[in-house]
Structures are given as C-alpha cells and as structure tokens.
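Printed here is final27.cif (mmCIF, C-alpha atoms):
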```cif
data_start
#
loop_
_atom_site.group_PDB
_atom_site.id
_atom_site.type_symbol
_atom_site.label_atom_id
_atom_site.label_comp_id
_atom_site.auth_asym_id
_atom_site.auth_seq_id
_atom_site.Cartn_x
_atom_site.Cartn_y
_atom_site.Cartn_z
ATOM 1 C CA ASP A 1 -8.655 56.999 7.882
ATOM 2 C CA TYR A 2 -5.413 55.014 7.731
ATOM 3 C CA GLU A 3 -6.705 52.269 5.455
ATOM 4 C CA VAL A 4 -8.265 54.678 2.954
ATOM 5 C CA ALA A 5 -5.060 56.723 2.751
ATOM 6 C CA LEU A 6 -2.922 53.610 2.435
ATOM 7 C CA ARG A 7 -5.084 52.227 -0.367
ATOM 8 C CA ALA A 8 -4.696 55.533 -2.227
ATOM 9 C CA VAL A 9 -0.903 55.452 -1.889
ATOM 10 C CA ILE A 10 -0.717 51.833 -3.034
ATOM 11 C CA ALA A 11 -2.960 52.570 -6.027
ATOM 12 C CA ARG A 12 -0.744 55.512 -7.043
ATOM 13 C CA VAL A 13 2.414 53.425 -6.789
ATOM 14 C CA GLN A 14 0.847 50.599 -8.790
ATOM 15 C CA GLU A 15 -0.350 53.036 -11.434
ATOM 16 C CA LYS A 16 3.071 54.631 -11.812
ATOM 17 C CA TYR A 17 5.051 51.350 -11.554
ATOM 18 C CA PRO A 18 2.782 48.531 -12.751
ATOM 19 C CA GLY A 19 3.854 45.012 -11.889
ATOM 20 C CA VAL A 20 6.454 45.913 -9.259
ATOM 21 C CA ALA A 21 6.506 44.539 -5.744
ATOM 22 C CA ILE A 22 5.532 46.972 -3.005
ATOM 23 C CA VAL A 23 7.279 46.139 0.257
ATOM 24 C CA TYR A 24 6.158 47.774 3.491
ATOM 25 C CA VAL A 25 8.570 47.329 6.389
ATOM 26 C CA VAL A 26 6.717 47.730 9.682
ATOM 27 C CA PRO A 27 8.532 50.166 11.996
ATOM 28 C CA PHE A 28 10.753 48.670 14.691
ATOM 29 C CA LEU A 29 8.253 49.848 17.313
ATOM 30 C CA GLU A 30 5.962 46.995 16.246
ATOM 31 C CA ALA A 31 7.162 44.960 19.227
ATOM 32 C CA SER A 32 6.233 47.623 21.773
ATOM 33 C CA GLN A 33 3.531 49.887 20.308
ATOM 34 C CA SER A 34 -0.055 48.678 19.968
ATOM 35 C CA SER A 35 -0.825 51.394 17.392
ATOM 36 C CA ILE A 36 1.938 50.079 15.099
ATOM 37 C CA ARG A 37 0.665 46.525 15.535
ATOM 38 C CA ALA A 38 -2.843 47.713 14.606
ATOM 39 C CA GLN A 39 -1.499 49.349 11.444
ATOM 40 C CA ALA A 40 0.410 46.170 10.630
ATOM 41 C CA ARG A 41 -2.837 44.158 10.862
ATOM 42 C CA VAL A 42 -4.444 46.514 8.338
ATOM 43 C CA LEU A 43 -1.445 46.003 6.060
ATOM 44 C CA ASP A 44 -1.698 42.225 6.417
ATOM 45 C CA ASP A 45 -5.358 42.380 5.381
ATOM 46 C CA LEU A 46 -4.509 44.563 2.387
ATOM 47 C CA ALA A 47 -1.671 42.228 1.366
ATOM 48 C CA GLU A 48 -4.192 39.377 1.231
ATOM 49 C CA GLU A 49 -6.297 41.470 -1.131
ATOM 50 C CA ILE A 50 -3.779 43.421 -3.235
ATOM 51 C CA ALA A 51 -1.431 41.508 -5.510
ATOM 52 C CA GLY A 52 2.161 42.640 -5.205
ATOM 53 C CA LEU A 53 1.876 44.109 -1.690
ATOM 54 C CA HIS A 54 4.197 42.500 0.856
ATOM 55 C CA VAL A 55 4.529 43.239 4.561
ATOM 56 C CA VAL A 56 7.774 42.683 6.463
ATOM 57 C CA HIS A 57 7.178 42.445 10.191
ATOM 58 C CA THR A 58 9.901 43.514 12.621
ATOM 59 C CA ARG A 59 8.395 42.548 15.982
ATOM 60 C CA LYS A 60 10.441 39.337 16.347
ATOM 61 C CA TRP A 61 13.774 40.714 15.176
ATOM 62 C CA GLN A 62 15.088 41.260 18.746
ATOM 63 C CA LEU A 63 17.319 44.183 17.893
ATOM 64 C CA THR A 64 19.488 46.151 20.291
ATOM 65 C CA TYR A 65 18.967 49.894 20.504
ATOM 66 C CA THR A 66 20.687 53.106 21.476
ATOM 67 C CA ASP A 67 17.564 54.502 23.125
ATOM 68 C CA GLY A 68 15.378 51.654 24.325
ATOM 69 C CA ASN A 69 13.332 50.594 21.298
ATOM 70 C CA LEU A 70 13.479 53.103 18.463
ATOM 71 C CA HIS A 71 16.971 53.576 17.005
ATOM 72 C CA PRO A 72 19.095 50.442 16.575
ATOM 73 C CA ASP A 73 22.714 50.571 17.685
ATOM 74 C CA ALA A 74 25.452 49.226 15.382
ATOM 75 C CA LYS A 75 24.776 45.608 16.339
ATOM 76 C CA GLY A 76 21.010 46.110 16.000
ATOM 77 C CA ALA A 77 21.402 47.822 12.620
ATOM 78 C CA LYS A 78 23.484 44.921 11.329
ATOM 79 C CA LYS A 79 20.873 42.431 12.491
ATOM 80 C CA ALA A 80 18.075 44.536 10.949
ATOM 81 C CA ALA A 81 19.954 44.580 7.638
ATOM 82 C CA GLU A 82 20.354 40.801 7.733
ATOM 83 C CA LYS A 83 16.661 40.256 8.551
ATOM 84 C CA LEU A 84 15.520 42.679 5.855
ATOM 85 C CA SER A 85 17.856 41.075 3.308
ATOM 86 C CA GLU A 86 16.359 37.665 4.081
ATOM 87 C CA ALA A 87 12.821 38.990 3.710
ATOM 88 C CA MET A 88 13.606 40.807 0.468
ATOM 89 C CA LYS A 89 15.258 37.725 -0.986
ATOM 90 C CA ASP A 90 12.138 35.685 -0.254
ATOM 91 C CA ILE A 91 9.865 38.323 -1.771
ATOM 92 C CA LEU A 92 11.960 38.945 -4.870
ATOM 93 C CA CYS A 93 12.422 35.247 -5.565
ATOM 94 C CA GLU A 94 8.647 35.093 -6.086
ATOM 95 C CA TYR A 95 9.068 37.527 -8.976
ATOM 96 C CA PHE A 96 12.257 36.213 -10.551
ATOM 97 C CA PHE A 97 11.548 32.511 -10.248
ATOM 98 C CA ALA A 98 7.770 32.394 -10.690
#
```
Representation of the structure as structure tokens:
Amino acid sequence: DYEVALRAVIARVQEKYPGVAIVYVVPFLEASQSSIRAQARVLDDLAEEIAGLHVVHTRKWQLTYTDGNLHPDAKGAKKAAEKLSEAMKDILCEYFFA
C-alpha cells in the first residue's frame, strides 16, 4: 500500500534526521496522469498530519518537454528550476524565520 510505505519512509527519514524539512516534489506527470494526482492527494493528507513534510506540486508549472510530458527541454528545465527554487524558498523561510 502506497500510504503505508510512504509513512515508513518518512518515519525513517525523521528518525535519522530529526527536525529537518522533508520536501516531496510531485513528478511532472502530475498534470497528465491520474495515478500521480492520486498519490499527490495522499501526500497532501500526510502533510496535514506530519510536521515537517511539504509537498511541491508541479501540475501548474506549464513546462515544455522534449517528449510530450515527461522530460523537460532546456526551456522547461529552466522554468522547473525557477519554480522549485520559489517553492523551496517559501518552505525554508518557515524554518529560518520562524
């Protein structure tokens, strides 16, 4: 079961690195794959419950790809980096400026 396995991984990370932020970046297929969106909903629920777990959604990033919707091209990779940097800044500011 996805949720059971994910909880186990999160617990192991928290045990080994107490107090750190755990950031899960949803795969770029979130915009086109219902299975990825379903997994992202599980992550959102867990993030409500587990302190320090953060979910970065990619479905609205509107990247450009080399192969349709899986591997970003150079322009898409740059945009992904910018979006991820913005998300990480928001998440990390919670820890540094709390």
Output of the PyMOL selection byres ((chain A and resi 63) around 12), listed as a ChimeraX atom specification:
/A:28-31,58-62,64-83
Using the chain letters and residue numbers of this document, give as a PyMOL selection string the residues selected by the PyMOL selection byres ((chain A and resi 36-40) around 10).
chain A and resi 2-3+24-35+41-46+55-57+59
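Relative to CA of Leu92 (chain A), CA of Ala21 (chain A) is found at 7.9 Å.
Distance-wise, CA of Asp90 (chain A) and CA of Val20 (chain A) end up 14.8 Å apart.
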What separates CA of Ala51 (chain A) and CA of Ile91 (chain A) is a distance of 12.3 Å
Selected residue, from A:Val4, A:Pro18, A:Ile10, A:Glu86, that lies nearest to Ile50 (chain A) when counting only C-alpha atoms:
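Distance minimum relative to Ile50 (chain A) lands on A:Ile10.
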Evaluate the PyMOL selection byres ((chain A and resi 22) around 6) and report residues as a PDB file with C-alpha atoms, in the coordinates of the input:
```pdb
ATOM      1  CA  ALA A  21       6.506  44.539  -5.744  1.00  0.00           C
ATOM      2  CA  VAL A  23       7.279  46.139   0.257  1.00  0.00           C
ATOM      3  CA  GLY A  52       2.161  42.640  -5.205  1.00  0.00           C
ATOM      4  CA  LEU A  53       1.876  44.109  -1.690  1.00  0.00           C
TER       5      LEU A  53
END
```
